[in-house]
Structure formats: C-alpha cells, structure tokens
file run-v6.txt (compact mmCIF, C-alpha atoms)
# COMPACT_ATOMS: atom_id res chain seq x y z
CA MET A 1 46.05 -91.39 54.55
CA ASN A 2 43.37 -93.43 56.21
CA ILE A 3 40.33 -94.97 54.52
CA ARG A 4 37.91 -92.29 55.79
CA SER A 5 39.88 -89.38 54.33
CA ALA A 6 40.41 -91.25 51.04
CA PHE A 7 36.66 -91.87 50.81
CA SER A 8 35.93 -88.19 51.54
CA LEU A 9 38.39 -87.08 48.89
CA ALA A 10 36.83 -89.44 46.33
CA ALA A 11 33.32 -88.18 47.15
CA ILE A 12 34.42 -84.56 46.69
CA ALA A 13 36.05 -85.40 43.36
CA ILE A 14 32.91 -87.14 42.11
CA LEU A 15 30.64 -84.27 43.18
CA SER A 16 32.88 -81.66 41.58
CA CYS A 17 32.92 -83.55 38.28
CA SER A 18 29.13 -83.83 38.17
CA GLN A 19 28.73 -80.05 38.48
CA LYS A 20 30.78 -79.01 35.47
CA LYS A 21 30.13 -75.55 34.09
CA ASN A 22 31.42 -74.29 30.81
CA GLY A 23 33.62 -71.22 30.65
CA TYR A 24 30.78 -69.05 29.36
CA GLU A 25 28.60 -69.89 32.35
CA ILE A 26 31.43 -69.18 34.80
CA ASP A 27 32.10 -65.80 33.17
CA CYS A 28 28.38 -65.02 33.21
CA ASN A 29 28.10 -65.74 36.93
CA PHE A 30 31.15 -63.57 37.61
CA GLU A 31 29.67 -60.69 35.59
CA LYS A 32 26.38 -60.98 37.52
CA LYS A 33 28.24 -60.78 40.83
CA GLN A 34 30.14 -57.73 39.61
CA ALA A 35 26.87 -56.05 38.62
CA GLN A 36 25.34 -56.84 42.02
CA ASN A 37 28.40 -55.39 43.72
CA GLN A 38 28.23 -52.20 41.63
CA PHE A 39 24.52 -51.95 42.37
CA ASN A 40 25.15 -52.31 46.12
CA TYR A 41 27.62 -49.42 45.92
CA LYS A 42 25.01 -47.36 44.00
CA ASN A 43 27.09 -47.33 40.83
CA TYR A 44 24.09 -47.68 38.52
CA THR A 45 24.46 -48.03 34.75
CA TRP A 46 21.48 -48.78 32.51
CA THR A 47 22.47 -50.50 29.29
CA ILE A 48 20.47 -49.67 26.20
CA PHE A 49 20.65 -52.65 23.87
CA SER A 50 20.40 -51.49 20.28
CA GLY A 51 21.49 -52.38 16.79
CA SER A 52 20.27 -53.50 13.40
CA GLY A 53 19.10 -49.97 12.58
CA HIS A 54 16.37 -49.91 15.22
CA ASP A 55 15.89 -46.78 17.32
CA TYR A 56 13.60 -46.20 20.27
CA LEU A 57 11.08 -43.38 20.37
CA GLY A 58 11.78 -41.16 23.35
CA GLU A 59 15.31 -42.44 23.90
CA GLU A 60 16.71 -39.00 24.75
CA GLU A 61 13.90 -38.34 27.25
CA PHE A 62 14.52 -41.75 28.81
CA LYS A 63 18.23 -40.99 29.18
CA LYS A 64 17.42 -37.64 30.82
CA LEU A 65 15.08 -39.35 33.28
CA LEU A 66 17.77 -41.88 34.15
CA LYS A 67 20.34 -39.11 34.61
CA GLN A 68 17.96 -37.25 36.96
CA ASN A 69 17.95 -40.41 39.09
CA ASN A 70 21.77 -40.72 39.09
CA ILE A 71 21.72 -43.65 36.68
CA ASN A 72 24.38 -43.66 33.96
CA THR A 73 23.59 -45.01 30.52
CA ARG A 74 25.60 -46.87 27.95
CA GLU A 75 24.66 -48.25 24.58
CA LEU A 76 25.52 -51.78 23.59
CA LEU A 77 25.18 -52.84 19.98
CA THR A 78 23.70 -56.30 19.64
CA SER A 79 22.42 -58.54 16.90
CA CYS A 80 19.16 -60.40 16.51
CA LEU A 81 21.05 -63.48 15.34
CA ILE A 82 20.96 -66.18 17.99
CA LEU A 83 24.21 -68.06 18.60
CA PRO A 84 24.69 -71.17 20.80
CA ASN A 85 26.21 -69.34 23.78
CA ASP A 86 24.13 -66.16 23.59
CA GLN A 87 22.43 -66.98 26.88
CA TYR A 88 25.76 -66.19 28.55
CA GLN A 89 26.37 -62.89 26.73
CA ASN A 90 25.97 -59.50 28.44
CA CYS A 91 25.11 -61.11 31.78
CA GLY A 92 26.40 -58.19 33.83
CA GLU A 93 24.46 -55.63 31.83
CA ILE A 94 21.26 -57.67 31.93
CA GLU A 95 21.63 -58.18 35.69
CA MET A 96 22.19 -54.46 36.30
CA ASN A 97 19.12 -53.60 34.20
CA ARG A 98 17.11 -56.16 36.19
CA LEU A 99 18.22 -54.67 39.53
CA ILE A 100 17.52 -51.10 38.39
CA THR A 101 14.08 -52.20 37.15
CA LYS A 102 13.26 -53.49 40.65
CA ILE A 103 14.00 -50.13 42.32
CA TRP A 104 12.43 -48.24 39.42
CA LYS A 105 9.12 -50.07 39.92
CA ARG A 106 9.16 -49.13 43.63
CA LEU A 107 9.85 -45.47 42.84
CA TYR A 108 7.55 -44.97 39.86
CA ARG A 109 5.20 -47.97 40.00
CA PHE A 110 5.90 -48.78 36.33
CA PRO A 111 8.84 -50.51 34.66
CA PRO A 112 11.38 -48.64 32.53
CA VAL A 113 10.35 -48.27 28.90
CA TYR A 114 13.18 -50.32 27.43
CA SER A 115 13.41 -54.09 27.59
CA GLN A 116 16.72 -55.89 27.64
CA THR A 117 16.68 -56.80 23.98
CA GLY A 118 13.26 -55.50 22.98
CA PHE A 119 14.35 -54.24 19.58
CA CYS A 120 14.55 -57.84 18.37
CA GLU A 121 10.97 -58.62 19.37
CA ASN A 122 9.41 -56.41 16.69
CA THR A 123 11.50 -57.42 13.70
CA SER A 124 9.82 -59.23 10.83

call {"tool": "encode", "arguments": {"input": "run-v6.txt", "output": "structure tokens"}}
result
Amino acid sequence: MNIRSAFSLAAIAILSCSQKKNGYEIDCNFEKKQAQNQFNYKNYTWTIFSGSGHDYLGEEEFKKLLKQNNINTRELLTSCLILPNDQYQNCGEIEMNRLITKIWKRLYRFPPVYSQTGFCENTS
C-alpha cells in the first residue's frame, strides 16, 4: 500500500468516526425511507396517535373521509411521558402523516384535523 492510499483510508476512517449515529437514529431514518417508499407506491396509511383516555371528536367521520380518498388508518397508542429517545419513536408513521398532509392540503386546501401527537397538547 502506498502513502496516498494509506492517507485516503485514514481520512475516510476519521470522517466516518465523526459522523456517529446512535441505533435509534439509524432505525428512524430507515423507517422514514420505508414510509417514503410506501407513499411513492400510493400505499397510504394515516396513523391516529391516541392514548391516555383522550378521544377525538369526529374521529369516525375523519376515518370515513380518509377511506374515501383510499387512505388506510391505524391507531397507535402513545403516552404523554417524554423519554430520552422519544424523538426517534414512530418515525415512519410521523413521516407518512407528514407526506399525506402535503397532498391533503393540495386537494382540500386545509390540513387534516389530527396532529401527530395532538392529544398531549391539551392535557393539564
């Protein structure tokens, strides 16, 4: 191995070490890419984040409207407790909701009624 290739190898090793990601972040990025892929193939699923005894008014009507637009729904129970790695939780579901919101705004000129974790915003 000559000096040039050894220097290149060392530079790559240094750069890769400085860009460390934890396992949660890697999984989150993978889930986002999966959601984008599903979205591109028009496999839409809106996730309704719920839990802690909170219900949304008009949830059944919202589900019917989504179904009319060929958007599946699923419910995901969550907690309002914040844990250290929560920013990496449900990345795929949040990304899919974000992508659906973009097309929804173009179609209806208003965002969907439900936020990603809106039920936690109104707790006292």

call {"tool": "closest_residue", "arguments": {"input": "run-v6.txt", "among": "A:Phe39, A:Leu81, A:Ile48, A:Phe30", "to": "Ile103 (chain A)", "atoms": "only C-alpha atoms"}}
result
A:Phe39

call {"tool": "atom_distance", "arguments": {"input": "run-v6.txt", "atom1": "CA of Ser79 (chain A)", "atom2": "CA of Leu66 (chain A)"}}
result
24.4 Å

call {"tool": "atom_distance", "arguments": {"input": "run-v6.txt", "atom1": "CA of Thr78 (chain A)", "atom2": "CA of Phe49 (chain A)"}}
result
6.4 Å

call {"tool": "residues_around", "arguments": {"input": "run-v6.txt", "residues": "region 63-65 of chain A", "least_positions_apart": "3", "cutoff": "12 Å", "atoms": "all atoms listed in the file", "output": "JSON, numbers by chain"}}
result
{"A": [45, 46, 47, 48, 56, 57, 58, 59, 60, 68, 69, 70, 71, 72, 73, 74, 75, 104, 108, 112, 113, 114]}

call {"tool": "atom_distance", "arguments": {"input": "run-v6.txt", "atom1": "CA of Lys21 (chain A)", "atom2": "CA of Ala35 (chain A)"}}
result
20.3 Å

call {"tool": "residues_around", "arguments": {"input": "run-v6.txt", "residues": "Gln87 (chain A)", "least_positions_apart": "3", "cutoff": "9 Å", "atoms": "all atoms listed in the file", "output": "ChimeraX atom specification"}}
result
/A:24-25,28,83-84,90-91

call {"tool": "residues_around", "arguments": {"input": "run-v6.txt", "residues": "Glu31 (chain A)", "least_positions_apart": "3", "cutoff": "10 Å", "atoms": "only C-alpha atoms", "output": "VMD selection string"}}
result
chain A and resid 25 to 28 34 to 37 88 to 96

call {"tool": "write_last_selection", "arguments": {"input": "run-v6.txt", "atoms": "C-alpha atoms", "output": "PDB file, in the frame of the given file"}}
result
ATOM      1  CA  GLU A  25      28.600 -69.890  32.350  1.00  0.00           C
ATOM      2  CA  ILE A  26      31.430 -69.180  34.800  1.00  0.00           C
ATOM      3  CA  ASP A  27      32.100 -65.800  33.170  1.00  0.00           C
ATOM      4  CA  CYS A  28      28.380 -65.020  33.210  1.00  0.00           C
ATOM      5  CA  GLN A  34      30.140 -57.730  39.610  1.00  0.00           C
ATOM      6  CA  ALA A  35      26.870 -56.050  38.620  1.00  0.00           C
ATOM      7  CA  GLN A  36      25.340 -56.840  42.020  1.00  0.00           C
ATOM      8  CA  ASN A  37      28.400 -55.390  43.720  1.00  0.00           C
ATOM      9  CA  TYR A  88      25.760 -66.190  28.550  1.00  0.00           C
ATOM     10  CA  GLN A  89      26.370 -62.890  26.730  1.00  0.00           C
ATOM     11  CA  ASN A  90      25.970 -59.500  28.440  1.00  0.00           C
ATOM     12  CA  CYS A  91      25.110 -61.110  31.780  1.00  0.00           C
ATOM     13  CA  GLY A  92      26.400 -58.190  33.830  1.00  0.00           C
ATOM     14  CA  GLU A  93      24.460 -55.630  31.830  1.00  0.00           C
ATOM     15  CA  ILE A  94      21.260 -57.670  31.930  1.00  0.00           C
ATOM     16  CA  GLU A  95      21.630 -58.180  35.690  1.00  0.00           C
ATOM     17  CA  MET A  96      22.190 -54.460  36.300  1.00  0.00           C
TER      18      MET A  96
END

call {"tool": "closest_residue", "arguments": {"input": "run-v6.txt", "among": "A:Lys67, A:Ser50, A:Lys32, A:Cys80", "to": "Arg98 (chain A)", "atoms": "only C-alpha atoms"}}
result
A:Lys32

call {"tool": "axis_aligned_box", "arguments": {"input": "run-v6.txt", "around": "region 83-86 of chain A", "padding_each_side": "8 Å", "output": "JSON"}}
result
{"center_x": 25.2, "center_y": -68.7, "center_z": 21.2, "size_x": 18.1, "size_y": 21.0, "size_z": 21.2}

call {"tool": "build_atoms", "arguments": {"input": "run-v6.txt", "residues": "region 26-37 of chain A", "atoms": "all heavy atoms", "output": "PDB file, in the coordinates of the input"}}
result
ATOM      1  N   ILE A  26      30.612 -69.701  33.706  1.00  0.00           N
ATOM      2  CA  ILE A  26      31.430 -69.180  34.800  1.00  0.00           C
ATOM      3  C   ILE A  26      31.626 -67.682  34.641  1.00  0.00           C
ATOM      4  O   ILE A  26      31.476 -66.917  35.602  1.00  0.00           O
ATOM      5  CB  ILE A  26      32.791 -69.931  34.842  1.00  0.00           C
ATOM      6  CG1 ILE A  26      32.560 -71.387  35.257  1.00  0.00           C
ATOM      7  CG2 ILE A  26      33.758 -69.244  35.794  1.00  0.00           C
ATOM      8  CD1 ILE A  26      33.755 -72.286  35.057  1.00  0.00           C
ATOM      9  N   ASP A  27      31.942 -67.232  33.431  1.00  0.00           N
ATOM     10  CA  ASP A  27      32.100 -65.800  33.170  1.00  0.00           C
ATOM     11  C   ASP A  27      30.801 -65.047  33.429  1.00  0.00           C
ATOM     12  O   ASP A  27      30.801 -63.944  33.984  1.00  0.00           O
ATOM     13  CB  ASP A  27      32.553 -65.552  31.737  1.00  0.00           C
ATOM     14  CG  ASP A  27      33.985 -65.998  31.489  1.00  0.00           C
ATOM     15  OD1 ASP A  27      34.725 -66.223  32.461  1.00  0.00           O
ATOM     16  OD2 ASP A  27      34.360 -66.132  30.303  1.00  0.00           O
ATOM     17  N   CYS A  28      29.689 -65.635  33.024  1.00  0.00           N
ATOM     18  CA  CYS A  28      28.380 -65.020  33.210  1.00  0.00           C
ATOM     19  C   CYS A  28      28.094 -64.820  34.698  1.00  0.00           C
ATOM     20  O   CYS A  28      27.667 -63.745  35.123  1.00  0.00           O
ATOM     21  CB  CYS A  28      27.301 -65.873  32.557  1.00  0.00           C
ATOM     22  SG  CYS A  28      25.635 -65.229  32.696  1.00  0.00           S
ATOM     23  N   ASN A  29      28.329 -65.848  35.490  1.00  0.00           N
ATOM     24  CA  ASN A  29      28.100 -65.740  36.930  1.00  0.00           C
ATOM     25  C   ASN A  29      28.991 -64.674  37.560  1.00  0.00           C
ATOM     26  O   ASN A  29      28.564 -63.930  38.437  1.00  0.00           O
ATOM     27  CB  ASN A  29      28.314 -67.085  37.620  1.00  0.00           C
ATOM     28  CG  ASN A  29      27.226 -68.074  37.284  1.00  0.00           C
ATOM     29  OD1 ASN A  29      26.110 -67.703  36.930  1.00  0.00           O
ATOM     30  ND2 ASN A  29      27.542 -69.359  37.362  1.00  0.00           N
ATOM     31  N   PHE A  30      30.234 -64.590  37.110  1.00  0.00           N
ATOM     32  CA  PHE A  30      31.150 -63.570  37.610  1.00  0.00           C
ATOM     33  C   PHE A  30      30.651 -62.169  37.257  1.00  0.00           C
ATOM     34  O   PHE A  30      30.663 -61.261  38.090  1.00  0.00           O
ATOM     35  CB  PHE A  30      32.557 -63.798  37.041  1.00  0.00           C
ATOM     36  CG  PHE A  30      33.553 -62.775  37.490  1.00  0.00           C
ATOM     37  CD1 PHE A  30      34.044 -62.796  38.791  1.00  0.00           C
ATOM     38  CD2 PHE A  30      33.998 -61.793  36.620  1.00  0.00           C
ATOM     39  CE1 PHE A  30      34.965 -61.846  39.212  1.00  0.00           C
ATOM     40  CE2 PHE A  30      34.917 -60.846  37.032  1.00  0.00           C
ATOM     41  CZ  PHE A  30      35.398 -60.870  38.334  1.00  0.00           C
ATOM     42  N   GLU A  31      30.194 -61.985  36.010  1.00  0.00           N
ATOM     43  CA  GLU A  31      29.670 -60.690  35.590  1.00  0.00           C
ATOM     44  C   GLU A  31      28.435 -60.300  36.402  1.00  0.00           C
ATOM     45  O   GLU A  31      28.261 -59.132  36.762  1.00  0.00           O
ATOM     46  CB  GLU A  31      29.313 -60.711  34.105  1.00  0.00           C
ATOM     47  CG  GLU A  31      30.510 -60.701  33.188  1.00  0.00           C
ATOM     48  CD  GLU A  31      30.112 -60.723  31.719  1.00  0.00           C
ATOM     49  OE1 GLU A  31      28.969 -60.335  31.394  1.00  0.00           O
ATOM     50  OE2 GLU A  31      30.948 -61.129  30.900  1.00  0.00           O
ATOM     51  N   LYS A  32      27.570 -61.263  36.701  1.00  0.00           N
ATOM     52  CA  LYS A  32      26.380 -60.980  37.520  1.00  0.00           C
ATOM     53  C   LYS A  32      26.780 -60.514  38.908  1.00  0.00           C
ATOM     54  O   LYS A  32      26.212 -59.567  39.451  1.00  0.00           O
ATOM     55  CB  LYS A  32      25.499 -62.228  37.636  1.00  0.00           C
ATOM     56  CG  LYS A  32      24.697 -62.532  36.410  1.00  0.00           C
ATOM     57  CD  LYS A  32      23.836 -63.765  36.638  1.00  0.00           C
ATOM     58  CE  LYS A  32      23.041 -64.143  35.429  1.00  0.00           C
ATOM     59  NZ  LYS A  32      22.220 -65.346  35.657  1.00  0.00           N
ATOM     60  N   LYS A  33      27.784 -61.179  39.496  1.00  0.00           N
ATOM     61  CA  LYS A  33      28.240 -60.780  40.830  1.00  0.00           C
ATOM     62  C   LYS A  33      28.858 -59.394  40.808  1.00  0.00           C
ATOM     63  O   LYS A  33      28.664 -58.611  41.737  1.00  0.00           O
ATOM     64  CB  LYS A  33      29.238 -61.812  41.376  1.00  0.00           C
ATOM     65  CG  LYS A  33      28.570 -63.110  41.772  1.00  0.00           C
ATOM     66  CD  LYS A  33      29.558 -64.130  42.270  1.00  0.00           C
ATOM     67  CE  LYS A  33      28.841 -65.445  42.560  1.00  0.00           C
ATOM     68  NZ  LYS A  33      29.765 -66.508  42.919  1.00  0.00           N
ATOM     69  N   GLN A  34      29.579 -59.078  39.751  1.00  0.00           N
ATOM     70  CA  GLN A  34      30.140 -57.730  39.610  1.00  0.00           C
ATOM     71  C   GLN A  34      29.025 -56.691  39.530  1.00  0.00           C
ATOM     72  O   GLN A  34      29.101 -55.635  40.158  1.00  0.00           O
ATOM     73  CB  GLN A  34      31.020 -57.628  38.369  1.00  0.00           C
ATOM     74  CG  GLN A  34      32.400 -58.187  38.537  1.00  0.00           C
ATOM     75  CD  GLN A  34      33.245 -57.935  37.301  1.00  0.00           C
ATOM     76  OE1 GLN A  34      32.772 -58.088  36.167  1.00  0.00           O
ATOM     77  NE2 GLN A  34      34.486 -57.548  37.508  1.00  0.00           N
ATOM     78  N   ALA A  35      27.995 -56.975  38.757  1.00  0.00           N
ATOM     79  CA  ALA A  35      26.870 -56.050  38.620  1.00  0.00           C
ATOM     80  C   ALA A  35      26.164 -55.865  39.960  1.00  0.00           C
ATOM     81  O   ALA A  35      25.799 -54.740  40.331  1.00  0.00           O
ATOM     82  CB  ALA A  35      25.889 -56.556  37.565  1.00  0.00           C
ATOM     83  N   GLN A  36      25.972 -56.947  40.701  1.00  0.00           N
ATOM     84  CA  GLN A  36      25.340 -56.840  42.020  1.00  0.00           C
ATOM     85  C   GLN A  36      26.188 -56.012  42.960  1.00  0.00           C
ATOM     86  O   GLN A  36      25.661 -55.212  43.741  1.00  0.00           O
ATOM     87  CB  GLN A  36      25.090 -58.240  42.583  1.00  0.00           C
ATOM     88  CG  GLN A  36      24.022 -59.000  41.833  1.00  0.00           C
ATOM     89  CD  GLN A  36      24.013 -60.487  42.141  1.00  0.00           C
ATOM     90  OE1 GLN A  36      24.853 -60.996  42.870  1.00  0.00           O
ATOM     91  NE2 GLN A  36      23.061 -61.200  41.545  1.00  0.00           N
ATOM     92  N   ASN A  37      27.502 -56.166  42.882  1.00  0.00           N
ATOM     93  CA  ASN A  37      28.400 -55.390  43.720  1.00  0.00           C
ATOM     94  C   ASN A  37      28.328 -53.903  43.364  1.00  0.00           C
ATOM     95  O   ASN A  37      28.232 -53.047  44.249  1.00  0.00           O
ATOM     96  CB  ASN A  37      29.837 -55.909  43.580  1.00  0.00           C
ATOM     97  CG  ASN A  37      30.769 -55.295  44.574  1.00  0.00           C
ATOM     98  OD1 ASN A  37      30.422 -55.102  45.738  1.00  0.00           O
ATOM     99  ND2 ASN A  37      31.978 -54.980  44.137  1.00  0.00           N
TER     100      ASN A  37
END
